[in-house]
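One file, data_1.cif, is given below (mmCIF, C-alpha atoms).
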```cif
data_data
#
loop_
_atom_site.label_atom_id
_atom_site.label_comp_id
_atom_site.auth_asym_id
_atom_site.auth_seq_id
_atom_site.Cartn_x
_atom_site.Cartn_y
_atom_site.Cartn_z
CA MET A 27 12.40 -23.77 -25.07
CA ILE A 28 9.15 -25.25 -23.77
CA VAL A 29 10.04 -23.97 -20.32
CA LEU A 30 10.37 -20.45 -21.74
CA TRP A 31 6.91 -20.66 -23.32
CA GLU A 32 5.43 -21.97 -20.08
CA LEU A 33 7.10 -19.16 -18.14
CA PHE A 34 5.80 -16.60 -20.58
CA PHE A 35 2.26 -17.99 -20.58
CA GLU A 36 1.97 -18.39 -16.79
CA PHE A 37 3.31 -14.93 -15.94
CA PHE A 38 1.33 -13.29 -18.73
CA LYS A 39 -1.77 -14.78 -17.12
CA ALA A 40 -0.74 -13.52 -13.67
CA GLY A 41 -0.13 -10.04 -15.13
CA LEU A 42 -3.48 -10.02 -16.88
CA PHE A 43 -5.68 -11.15 -14.00
CA ALA A 44 -4.01 -9.69 -10.91
CA VAL A 45 -5.97 -6.46 -10.53
CA GLY A 46 -4.97 -4.05 -7.78
CA GLY A 47 -1.22 -4.43 -7.84
CA GLY A 48 1.48 -5.87 -5.59
CA LEU A 49 -0.07 -8.36 -3.25
CA ALA A 50 -2.84 -9.21 -5.74
CA THR A 51 -0.24 -11.27 -7.62
CA LEU A 52 0.31 -13.53 -4.58
CA PRO A 53 -2.55 -16.02 -5.17
CA PHE A 54 -1.32 -16.44 -8.77
CA LEU A 55 2.22 -17.08 -7.57
CA TYR A 56 1.02 -19.77 -5.14
CA ASP A 57 -0.90 -21.36 -7.98
CA ILE A 58 2.19 -21.37 -10.21
CA ALA A 59 4.35 -22.75 -7.37
CA SER A 60 1.94 -25.66 -6.87
CA ARG A 61 1.96 -26.65 -10.53
CA TYR A 62 5.61 -26.19 -11.52
CA ASP A 63 8.89 -26.73 -9.72
CA TRP A 64 10.23 -23.26 -10.56
CA MET A 65 9.90 -22.13 -6.99
CA SER A 66 8.68 -23.46 -3.66
CA VAL A 67 5.89 -22.02 -1.52
CA GLU A 68 8.52 -21.10 1.11
CA SER A 69 10.53 -19.19 -1.45
CA ILE A 70 7.46 -17.02 -2.08
CA THR A 71 7.38 -16.06 1.60
CA ASP A 72 11.10 -15.32 1.44
CA MET A 73 10.50 -13.30 -1.68
CA VAL A 74 7.89 -11.15 0.05
CA ALA A 75 10.59 -10.32 2.61
CA ILE A 76 13.19 -9.68 -0.09
CA SER A 77 10.75 -7.53 -2.05
CA GLU A 78 10.17 -5.42 1.02
CA SER A 79 13.90 -4.90 1.30
CA THR A 80 14.83 -4.39 -2.34
CA PRO A 81 13.48 -1.81 -4.72
CA GLY A 82 10.73 -2.71 -7.11
CA PRO A 83 7.28 -4.26 -7.07
CA LEU A 84 6.72 -7.73 -5.59
CA GLY A 85 5.20 -9.20 -8.75
CA VAL A 86 8.18 -8.17 -10.87
CA ASN A 87 10.65 -9.45 -8.28
CA MET A 88 8.88 -12.80 -8.03
CA ALA A 89 8.70 -13.26 -11.80
CA THR A 90 12.43 -12.55 -12.11
CA TYR A 91 13.23 -14.95 -9.28
CA ALA A 92 11.07 -17.82 -10.56
CA GLY A 93 12.20 -17.28 -14.14
CA TYR A 94 15.85 -17.30 -13.10
CA HIS A 95 15.46 -20.60 -11.26
CA ALA A 96 13.61 -22.16 -14.18
CA TYR A 97 15.83 -21.03 -17.04
CA GLY A 98 18.66 -18.77 -15.91
CA VAL A 99 18.96 -15.09 -16.82
CA LEU A 100 16.93 -15.51 -20.00
CA GLY A 101 14.12 -17.15 -18.00
CA GLY A 102 14.11 -14.20 -15.59
CA VAL A 103 13.85 -11.70 -18.43
CA VAL A 104 11.07 -13.64 -20.21
CA ALA A 105 8.95 -14.12 -17.06
CA THR A 106 9.29 -10.46 -16.06
CA PHE A 107 8.45 -9.19 -19.51
CA ALA A 108 5.44 -11.53 -19.72
CA LEU A 109 4.17 -10.15 -16.41
CA VAL A 110 4.18 -6.53 -17.53
CA LEU A 111 3.06 -7.04 -21.13
CA PRO A 112 -0.70 -7.21 -20.34
CA SER A 113 -0.44 -3.93 -18.36
CA ILE A 114 1.27 -2.19 -21.26
CA ILE A 115 -1.42 -3.30 -23.70
CA VAL A 116 -4.36 -2.48 -21.41
CA ILE A 117 -2.97 0.90 -20.31
CA VAL A 118 -2.19 2.00 -23.86
CA ILE A 119 -5.80 1.22 -24.83
CA VAL A 120 -7.19 3.03 -21.76
CA ALA A 121 -4.92 6.02 -22.38
CA LYS A 122 -6.08 6.22 -26.01
CA ILE A 123 -9.76 6.15 -25.03
CA LEU A 124 -9.22 8.66 -22.26
CA GLU A 125 -7.39 11.07 -24.56
CA LYS A 126 -10.48 11.14 -26.77
CA PHE A 127 -12.96 11.76 -23.96
CA LYS A 128 -10.82 14.02 -21.79
CA GLU A 129 -13.16 16.98 -22.11
CA ASN A 130 -16.30 14.88 -21.68
CA ARG A 131 -18.28 16.02 -18.64
CA LEU A 132 -18.98 12.52 -17.37
CA VAL A 133 -15.27 11.66 -17.46
CA LYS A 134 -14.47 14.89 -15.61
CA ASP A 135 -17.10 14.19 -12.94
CA THR A 136 -15.82 10.65 -12.49
CA PHE A 137 -12.26 11.78 -11.90
CA ALA A 138 -13.42 14.54 -9.57
CA GLY A 139 -14.80 11.78 -7.35
CA LEU A 140 -11.78 9.54 -7.82
CA ARG A 141 -9.13 12.05 -6.74
CA PRO A 142 -10.16 12.37 -3.07
CA CYS A 143 -10.76 8.60 -3.10
CA VAL A 144 -7.28 7.68 -4.30
CA THR A 145 -5.72 10.22 -1.92
CA ALA A 146 -7.55 8.43 0.91
CA MET A 147 -6.48 5.00 -0.35
CA ILE A 148 -2.86 6.09 -0.30
CA ALA A 149 -3.37 7.51 3.19
CA ALA A 150 -4.81 4.14 4.27
CA ALA A 151 -1.82 2.29 2.79
CA CYS A 152 0.49 4.76 4.56
CA TRP A 153 -1.30 4.09 7.84
CA GLN A 154 -0.82 0.34 7.42
CA VAL A 155 2.92 0.80 6.98
CA MET A 156 3.07 3.22 9.92
CA GLU A 157 1.12 0.85 12.12
CA THR A 158 3.75 -1.87 11.77
CA THR A 159 6.78 0.41 11.57
CA LEU A 160 6.21 3.11 14.20
CA PHE A 161 3.92 1.36 16.65
CA THR A 162 4.18 -1.93 18.50
CA ILE A 163 0.49 -2.66 18.88
CA GLY A 164 1.18 -6.38 19.41
CA ASP A 165 3.29 -5.67 22.52
CA PHE A 166 0.73 -3.19 23.82
CA MET A 167 -2.06 -5.75 23.52
CA LYS A 168 -0.03 -8.16 25.67
CA THR A 169 0.99 -5.76 28.43
CA MET A 170 -1.68 -3.04 28.13
CA ASN A 171 1.08 -0.58 29.10
CA PRO A 172 0.83 2.60 27.01
CA ALA A 173 4.64 2.90 27.12
CA ASP A 174 4.81 -0.25 24.98
CA LEU A 175 2.68 1.26 22.23
CA ILE A 176 5.38 3.17 20.40
CA ASN A 177 8.58 1.98 18.74
CA TYR A 178 10.70 4.85 20.10
CA LYS A 179 13.73 4.54 17.82
CA ALA A 180 11.50 4.45 14.75
CA MET A 181 9.29 7.28 15.95
CA CYS A 182 12.29 9.59 16.60
CA LEU A 183 13.71 8.85 13.16
CA PHE A 184 10.28 9.37 11.60
CA ILE A 185 9.81 12.80 13.19
CA LEU A 186 13.37 13.82 12.26
CA CYS A 187 12.90 12.63 8.66
CA TYR A 188 9.59 14.41 8.27
CA TRP A 189 10.93 17.64 9.72
CA LEU A 190 14.00 17.56 7.46
CA MET A 191 11.79 16.86 4.46
CA ARG A 192 9.52 19.82 5.10
CA ARG A 193 12.48 22.09 5.81
CA TYR A 194 15.01 21.16 3.11
CA LYS A 195 12.94 19.45 0.38
CA LYS A 196 15.85 17.31 -0.82
CA HIS A 197 15.50 14.34 -3.19
CA PRO A 198 13.80 11.31 -1.54
CA VAL A 199 16.93 9.19 -2.03
CA VAL A 200 18.78 11.40 0.50
CA TYR A 201 16.32 10.42 3.24
CA ILE A 202 16.24 6.75 2.21
CA GLY A 203 20.04 6.51 2.32
CA GLY A 204 20.25 8.41 5.60
CA ALA A 205 17.59 6.24 7.20
CA ALA A 206 19.38 3.05 6.06
CA VAL A 207 22.56 4.23 7.81
CA CYS A 208 20.57 5.17 10.94
CA GLY A 209 18.94 1.74 10.88
CA ILE A 210 22.34 0.01 11.03
CA VAL A 211 23.96 2.43 13.48
CA PHE A 212 21.06 2.33 15.95
CA GLN A 213 20.32 -1.38 15.33
CA MET A 214 16.70 -0.83 14.55
CA ALA A 215 15.82 -4.40 13.61
CA MET B 20 12.68 8.84 -19.91
CA PHE B 21 14.08 5.30 -19.54
CA LEU B 22 16.77 6.57 -17.19
CA THR B 23 14.33 8.62 -15.13
CA PHE B 24 12.03 5.64 -14.64
CA CYS B 25 15.07 3.46 -13.91
CA ARG B 26 15.90 5.84 -11.11
CA ILE B 27 12.34 5.73 -9.83
CA GLY B 28 12.19 1.92 -10.04
CA GLY B 29 15.57 1.54 -8.40
CA LEU B 30 14.65 3.67 -5.43
CA THR B 31 11.14 2.46 -4.73
CA PHE B 32 11.12 0.24 -1.68
CA GLY B 33 7.84 -1.46 -0.83
CA GLY B 34 5.81 -1.32 -4.02
CA GLY B 35 3.33 0.97 -5.74
CA TYR B 36 2.46 3.58 -3.16
CA ALA B 37 6.06 4.05 -2.10
CA MET B 38 6.76 5.19 -5.66
CA LEU B 39 4.56 8.24 -5.21
CA PRO B 40 7.12 10.56 -3.56
CA MET B 41 9.64 9.68 -6.28
CA LEU B 42 7.08 10.26 -9.03
CA GLN B 43 6.10 13.61 -7.56
CA ARG B 44 9.70 14.68 -7.39
CA GLU B 45 10.84 13.49 -10.83
CA VAL B 46 7.73 13.52 -13.00
CA VAL B 47 5.76 16.44 -11.57
CA GLU B 48 8.32 18.81 -10.09
CA LYS B 49 11.43 18.18 -12.19
CA TYR B 50 10.22 17.29 -15.70
CA HIS B 51 6.58 18.50 -15.64
CA TRP B 52 5.46 15.38 -17.51
CA ALA B 53 2.24 15.33 -15.47
CA THR B 54 0.45 17.34 -12.78
CA ASP B 55 -0.43 16.13 -9.29
CA GLU B 56 -4.05 15.78 -10.41
CA GLU B 57 -3.11 13.65 -13.40
CA LEU B 58 -0.93 11.49 -11.18
CA MET B 59 -4.00 10.71 -9.08
CA ASP B 60 -5.99 9.82 -12.20
CA TYR B 61 -3.24 7.41 -13.25
CA TYR B 62 -3.21 5.80 -9.81
CA ALA B 63 -6.99 5.40 -9.93
CA ILE B 64 -6.76 3.74 -13.34
CA GLY B 65 -3.80 1.62 -12.24
CA GLN B 66 -5.86 0.49 -9.29
CA CYS B 67 -8.63 -1.00 -11.44
CA THR B 68 -6.66 -2.27 -14.42
CA PRO B 69 -4.68 -5.51 -14.34
CA GLY B 70 -1.05 -5.46 -13.34
CA ILE B 71 1.18 -3.69 -10.89
CA ILE B 72 0.29 -0.09 -10.07
CA ALA B 73 3.88 1.11 -10.39
CA VAL B 74 4.10 -0.39 -13.88
CA ASN B 75 0.68 0.88 -14.93
CA THR B 76 1.49 4.43 -13.84
CA ALA B 77 4.82 4.39 -15.67
CA THR B 78 3.17 3.05 -18.83
CA PHE B 79 0.53 5.75 -18.64
CA ILE B 80 2.96 8.64 -18.21
CA GLY B 81 5.20 7.23 -20.95
CA TYR B 82 2.29 6.89 -23.36
CA ARG B 83 0.95 10.38 -22.68
CA ARG B 84 4.34 11.93 -23.33
CA LYS B 85 5.70 9.93 -26.25
CA GLY B 86 3.10 7.42 -27.45
CA ILE B 87 3.69 3.69 -27.56
CA PRO B 88 7.53 3.85 -27.57
CA GLY B 89 7.29 6.11 -24.51
CA ALA B 90 5.02 3.59 -22.79
CA ILE B 91 7.41 0.74 -23.49
CA PHE B 92 10.56 2.57 -22.44
CA ALA B 93 9.05 3.99 -19.24
CA THR B 94 7.82 0.52 -18.27
CA LEU B 95 11.14 -1.16 -19.04
CA GLY B 96 12.84 1.57 -17.03
CA VAL B 97 10.74 0.87 -13.96
CA ILE B 98 11.33 -2.89 -14.01
CA PHE B 99 14.97 -2.87 -15.12
CA PRO B 100 16.56 -2.24 -11.68
CA SER B 101 14.42 -4.96 -10.03
CA LEU B 102 15.34 -7.37 -12.77
CA CYS B 103 19.07 -6.81 -12.21
CA ILE B 104 18.94 -6.81 -8.42
CA ILE B 105 16.77 -9.92 -8.11
CA THR B 106 18.85 -11.82 -10.66
CA VAL B 107 21.95 -11.10 -8.60
CA ILE B 108 20.20 -12.10 -5.38
CA ALA B 109 18.76 -15.26 -6.91
CA ALA B 110 22.19 -16.15 -8.31
CA CYS B 111 24.39 -15.61 -5.28
CA LEU B 112 22.55 -14.81 -2.10
CA GLN B 113 20.28 -17.53 -0.81
CA ASN B 114 19.55 -15.88 2.52
CA PHE B 115 19.76 -12.21 1.62
CA SER B 116 16.88 -11.15 3.86
CA HIS B 117 18.38 -12.98 6.86
CA ILE B 118 21.54 -10.82 6.96
CA ILE B 119 21.29 -8.68 10.08
CA TYR B 120 22.69 -5.50 8.48
CA VAL B 121 20.18 -5.80 5.66
CA GLN B 122 17.34 -6.13 8.16
CA GLN B 123 18.58 -3.12 10.15
CA ALA B 124 19.06 -0.93 7.10
CA PHE B 125 15.57 -1.75 5.89
CA ALA B 126 14.02 -1.11 9.28
CA GLY B 127 15.43 2.40 8.86
CA ILE B 128 14.34 2.69 5.24
CA ARG B 129 10.76 1.71 6.09
CA VAL B 130 10.62 4.64 8.53
CA ALA B 131 11.86 7.06 5.86
CA VAL B 132 9.31 5.65 3.41
CA CYS B 133 6.53 6.35 5.96
CA ALA B 134 7.65 9.95 6.25
CA LEU B 135 8.01 10.31 2.46
CA ILE B 136 4.52 8.97 1.80
CA LEU B 137 3.03 11.18 4.49
CA ASP B 138 4.73 14.19 2.89
CA ALA B 139 3.35 13.10 -0.51
CA ILE B 140 -0.17 12.76 0.91
CA VAL B 141 -0.05 16.27 2.37
CA LYS B 142 0.85 17.63 -1.10
CA LEU B 143 -1.87 15.56 -2.76
CA TRP B 144 -4.45 16.63 -0.21
CA LYS B 145 -3.84 20.29 -1.11
CA LYS B 146 -4.35 19.60 -4.82
CA ASN B 147 -7.11 16.99 -4.77
CA VAL B 148 -9.34 17.61 -1.78
CA LYS B 149 -10.81 21.03 -2.30
CA SER B 150 -14.41 21.01 -1.05
CA VAL B 151 -16.53 19.75 1.82
CA TRP B 152 -17.67 16.95 -0.48
CA GLY B 153 -14.07 16.05 -1.19
CA ILE B 154 -13.24 15.95 2.52
CA ALA B 155 -16.30 13.77 3.21
CA LEU B 156 -15.36 11.38 0.42
CA PHE B 157 -11.76 11.27 1.68
CA LEU B 158 -12.83 10.42 5.24
CA ILE B 159 -15.34 7.78 4.17
CA VAL B 160 -12.85 6.02 1.90
CA LEU B 161 -10.15 6.20 4.59
CA ALA B 162 -12.49 4.64 7.16
CA VAL B 163 -13.69 1.95 4.76
CA MET B 164 -10.15 1.03 3.73
CA ILE B 165 -8.74 0.86 7.27
CA ALA B 166 -11.71 -0.60 9.16
CA LEU B 167 -13.25 -2.90 6.57
CA ASP B 168 -10.19 -3.78 4.50
CA ALA B 169 -12.40 -3.30 1.44
CA SER B 170 -11.38 -4.31 -2.09
CA PRO B 171 -9.65 -1.35 -3.77
CA ILE B 172 -11.46 -2.06 -7.03
CA LEU B 173 -14.91 -1.79 -5.44
CA VAL B 174 -13.90 1.40 -3.61
CA VAL B 175 -12.63 3.01 -6.82
CA ILE B 176 -15.81 2.07 -8.70
CA GLY B 177 -17.91 3.39 -5.80
CA ALA B 178 -16.06 6.72 -5.74
CA ALA B 179 -16.41 7.03 -9.52
CA LEU B 180 -20.19 6.59 -9.19
CA VAL B 181 -20.34 9.14 -6.35
CA GLY B 182 -18.39 11.57 -8.55
CA LEU B 183 -20.83 11.01 -11.42
CA GLY B 184 -23.83 11.44 -9.09
CA LEU B 185 -22.52 14.65 -7.54
CA GLY B 186 -21.65 16.01 -10.99
CA ARG B 187 -25.17 15.27 -12.14
CA ALA B 188 -26.56 17.10 -9.11
CA GLY B 189 -24.38 20.07 -10.05
CA VAL B 190 -22.15 19.84 -6.99
CA LYS B 191 -18.45 20.59 -7.42
CA VAL B 192 -16.24 18.04 -5.69
#
```
Can you give me the file's structure in the form of structure tokens?
Amino acid sequence: MIVLWELFFEFFKAGLFAVGGGLATLPFLYDIASRYDWMSVESITDMVAISESTPGPLGVNMATYAGYHAYGVLGGVVATFALVLPSIIVIVIVAKILEKFKENRLVKDTFAGLRPCVTAMIAAACWQVMETTLFTIGDFMKTMNPADLINYKAMCLFILCYWLMRRYKKHPVVYIGGAAVCGIVFQMA
Amino acid sequence: MFLTFCRIGGLTFGGGYAMLPMLQREVVEKYHWATDEELMDYYAIGQCTPGIIAVNTATFIGYRRKGIPGAIFATLGVIFPSLCIITVIAACLQNFSHIIYVQQAFAGIRVAVCALILDAIVKLWKKNVKSVWGIALFLIVLAVMIALDASPILVVIGAALVGLGLGRAGVKV
């Protein structure tokens, strides 16, 4: 029982103070790993890899994983719920306030500035993924041969995917499934 | 709503931003629970409030549609698939990410996610970047994020202040 409370308290704290999503929870996870034996520091690194290859946000995945190791399925559920509870509370409050001031000019001006900003932030995040997925900048830096700059298999699949998306506008899952099959067939890893 | 967000949570590989194409498809185009502009507002708020962006966005959409029960169900929907999958992995697969087929499949998936996000950005650009000021702001933020690796919170606060300043000066962003 005490373990459950500890799990709840620790992951509630991580959920409350990790601002900025995903990787912002990492320092909190390292802190938890150093103080409890729910998970090792290595398992966090493994978990980052697993999180990249399973659906869902890293923080949620890690809370489930640590909770499961500490107290079985119930531990996983408690830790995960504790992690998201602060967000639910904070967002409901923010949403309530925003509802009230939606027509306020200052609020409108603020969001007018935020929209191009967030679009750019997503573009920057997209570039970071593309940089590691479609290009092999590490190899290029070693050989300085422009032919080593591009991951050809990935680039071909990327162009094909993008073209199909623009042309057929199918549900995203179609492309994700198709790309997974391509990845195995063409041994992309 | 729970099922829709389950679907979104179960098909989002790689965290918050990767959820965007799914959200656009399900929430904006299919159910009309929010517009593209509102989606950006939610992301901006999710960026500077505690917690995971994917969860924050789901909570927000849920709350706006159906109040507090909506917020709770949308959030539970988003985390439910992860909870199940990770419990299974933690219980039986110690070296899940070392399996070669898993690595290959996800190398492919990452490429599709790149293309999906790019497609989402093009749609967002059309809706959210409408003036010279908007383009300038977009380019500055993009440069700051890529070159300086700036804190997202500071960038969001900065852009909010710029928006307020331009509004004050009577400029439409």
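Atom pair CA of His51 in chain B / CA of Asp135 in chain A has a distance of 24.2 Å (rounded to one decimal).
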Self-check item: Expected selection from the PyMOL selection byres ((chain A and resi 27-39) around 12), given as an NGL selection string
Solution: (:A and (40-45 or 51-52 or 54-59 or 61-65 or 85-115)) or (:B and (69-70))
Evaluating the PyMOL selection byres ((chain A and resi 178-193) around 6) on the displayed file yields which residues, as a PDB file with C-alpha atoms, keeping the file's coordinate frame?
```pdb
ATOM      1  CA  LEU A 160       6.210   3.110  14.200  1.00  0.00           C
ATOM      2  CA  ILE A 176       5.380   3.170  20.400  1.00  0.00           C
ATOM      3  CA  ASN A 177       8.580   1.980  18.740  1.00  0.00           C
ATOM      4  CA  TYR A 194      15.010  21.160   3.110  1.00  0.00           C
ATOM      5  CA  LYS A 195      12.940  19.450   0.380  1.00  0.00           C
TER       6      LYS A 195
ATOM      7  CA  VAL B 130      10.620   4.640   8.530  1.00  0.00           C
ATOM      8  CA  ALA B 134       7.650   9.950   6.250  1.00  0.00           C
TER       9      ALA B 134
END
```
Practice problem: Give me the result of the PyMOL selection byres ((chain A and resi 198-206) around 8) on this file, residue by residue, as a PyMOL selection string. | Solution: (chain A and resi 183+187+191+196-197+207-210) or (chain B and resi 30+40-41+44+123-128+130-132+135)
Practice problem: Name the residues in contact with range 146-148 of chain B at a cut-off of 10 Å, using all atoms listed in the file, excluding same-chain residues fewer than 3 positions from it; report them as a list in words. | Solution: Ala138, Gly139, Leu140, Arg141, Pro142, Cys143, Val144, Thr145 and Ala146 of chain A; Thr54, Asp55, Glu56, Met59, Ile140, Val141, Lys142, Leu143, Val151, Trp152, Gly153, Ile154, Ala155, Leu156, Phe157 and Val192 of chain B
Exercise. Work out how far apart CA of Leu167 in chain B and CA of Thr136 in chain A are and give it in Å to one decimal.
Key: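 Interatomic distance here is 23.5 Å.
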Self-check item: Exercise: range 124-133 of chain A partners within 12 Å, all atoms listed in the file, chain neighbours under 3 positions left out, as a ChimeraX atom specification
Solution: /A:117-121,136-140 /B:57,60-61,64,79,82-84,86,179-187,189
Give me a file of those residues, with C-alpha atoms, as a PDB file, in the frame of the given file.
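Dumped to result25.pdb:
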```pdb
ATOM      1  CA  ILE A 117      -2.970   0.900 -20.310  1.00  0.00           C
ATOM      2  CA  VAL A 118      -2.190   2.000 -23.860  1.00  0.00           C
ATOM      3  CA  ILE A 119      -5.800   1.220 -24.830  1.00  0.00           C
ATOM      4  CA  VAL A 120      -7.190   3.030 -21.760  1.00  0.00           C
ATOM      5  CA  ALA A 121      -4.920   6.020 -22.380  1.00  0.00           C
ATOM      6  CA  THR A 136     -15.820  10.650 -12.490  1.00  0.00           C
ATOM      7  CA  PHE A 137     -12.260  11.780 -11.900  1.00  0.00           C
ATOM      8  CA  ALA A 138     -13.420  14.540  -9.570  1.00  0.00           C
ATOM      9  CA  GLY A 139     -14.800  11.780  -7.350  1.00  0.00           C
ATOM     10  CA  LEU A 140     -11.780   9.540  -7.820  1.00  0.00           C
TER      11      LEU A 140
ATOM     12  CA  GLU B  57      -3.110  13.650 -13.400  1.00  0.00           C
ATOM     13  CA  ASP B  60      -5.990   9.820 -12.200  1.00  0.00           C
ATOM     14  CA  TYR B  61      -3.240   7.410 -13.250  1.00  0.00           C
ATOM     15  CA  ILE B  64      -6.760   3.740 -13.340  1.00  0.00           C
ATOM     16  CA  PHE B  79       0.530   5.750 -18.640  1.00  0.00           C
ATOM     17  CA  TYR B  82       2.290   6.890 -23.360  1.00  0.00           C
ATOM     18  CA  ARG B  83       0.950  10.380 -22.680  1.00  0.00           C
ATOM     19  CA  ARG B  84       4.340  11.930 -23.330  1.00  0.00           C
ATOM     20  CA  GLY B  86       3.100   7.420 -27.450  1.00  0.00           C
ATOM     21  CA  ALA B 179     -16.410   7.030  -9.520  1.00  0.00           C
ATOM     22  CA  LEU B 180     -20.190   6.590  -9.190  1.00  0.00           C
ATOM     23  CA  VAL B 181     -20.340   9.140  -6.350  1.00  0.00           C
ATOM     24  CA  GLY B 182     -18.390  11.570  -8.550  1.00  0.00           C
ATOM     25  CA  LEU B 183     -20.830  11.010 -11.420  1.00  0.00           C
ATOM     26  CA  GLY B 184     -23.830  11.440  -9.090  1.00  0.00           C
ATOM     27  CA  LEU B 185     -22.520  14.650  -7.540  1.00  0.00           C
ATOM     28  CA  GLY B 186     -21.650  16.010 -10.990  1.00  0.00           C
ATOM     29  CA  ARG B 187     -25.170  15.270 -12.140  1.00  0.00           C
ATOM     30  CA  GLY B 189     -24.380  20.070 -10.050  1.00  0.00           C
TER      31      GLY B 189
END
```
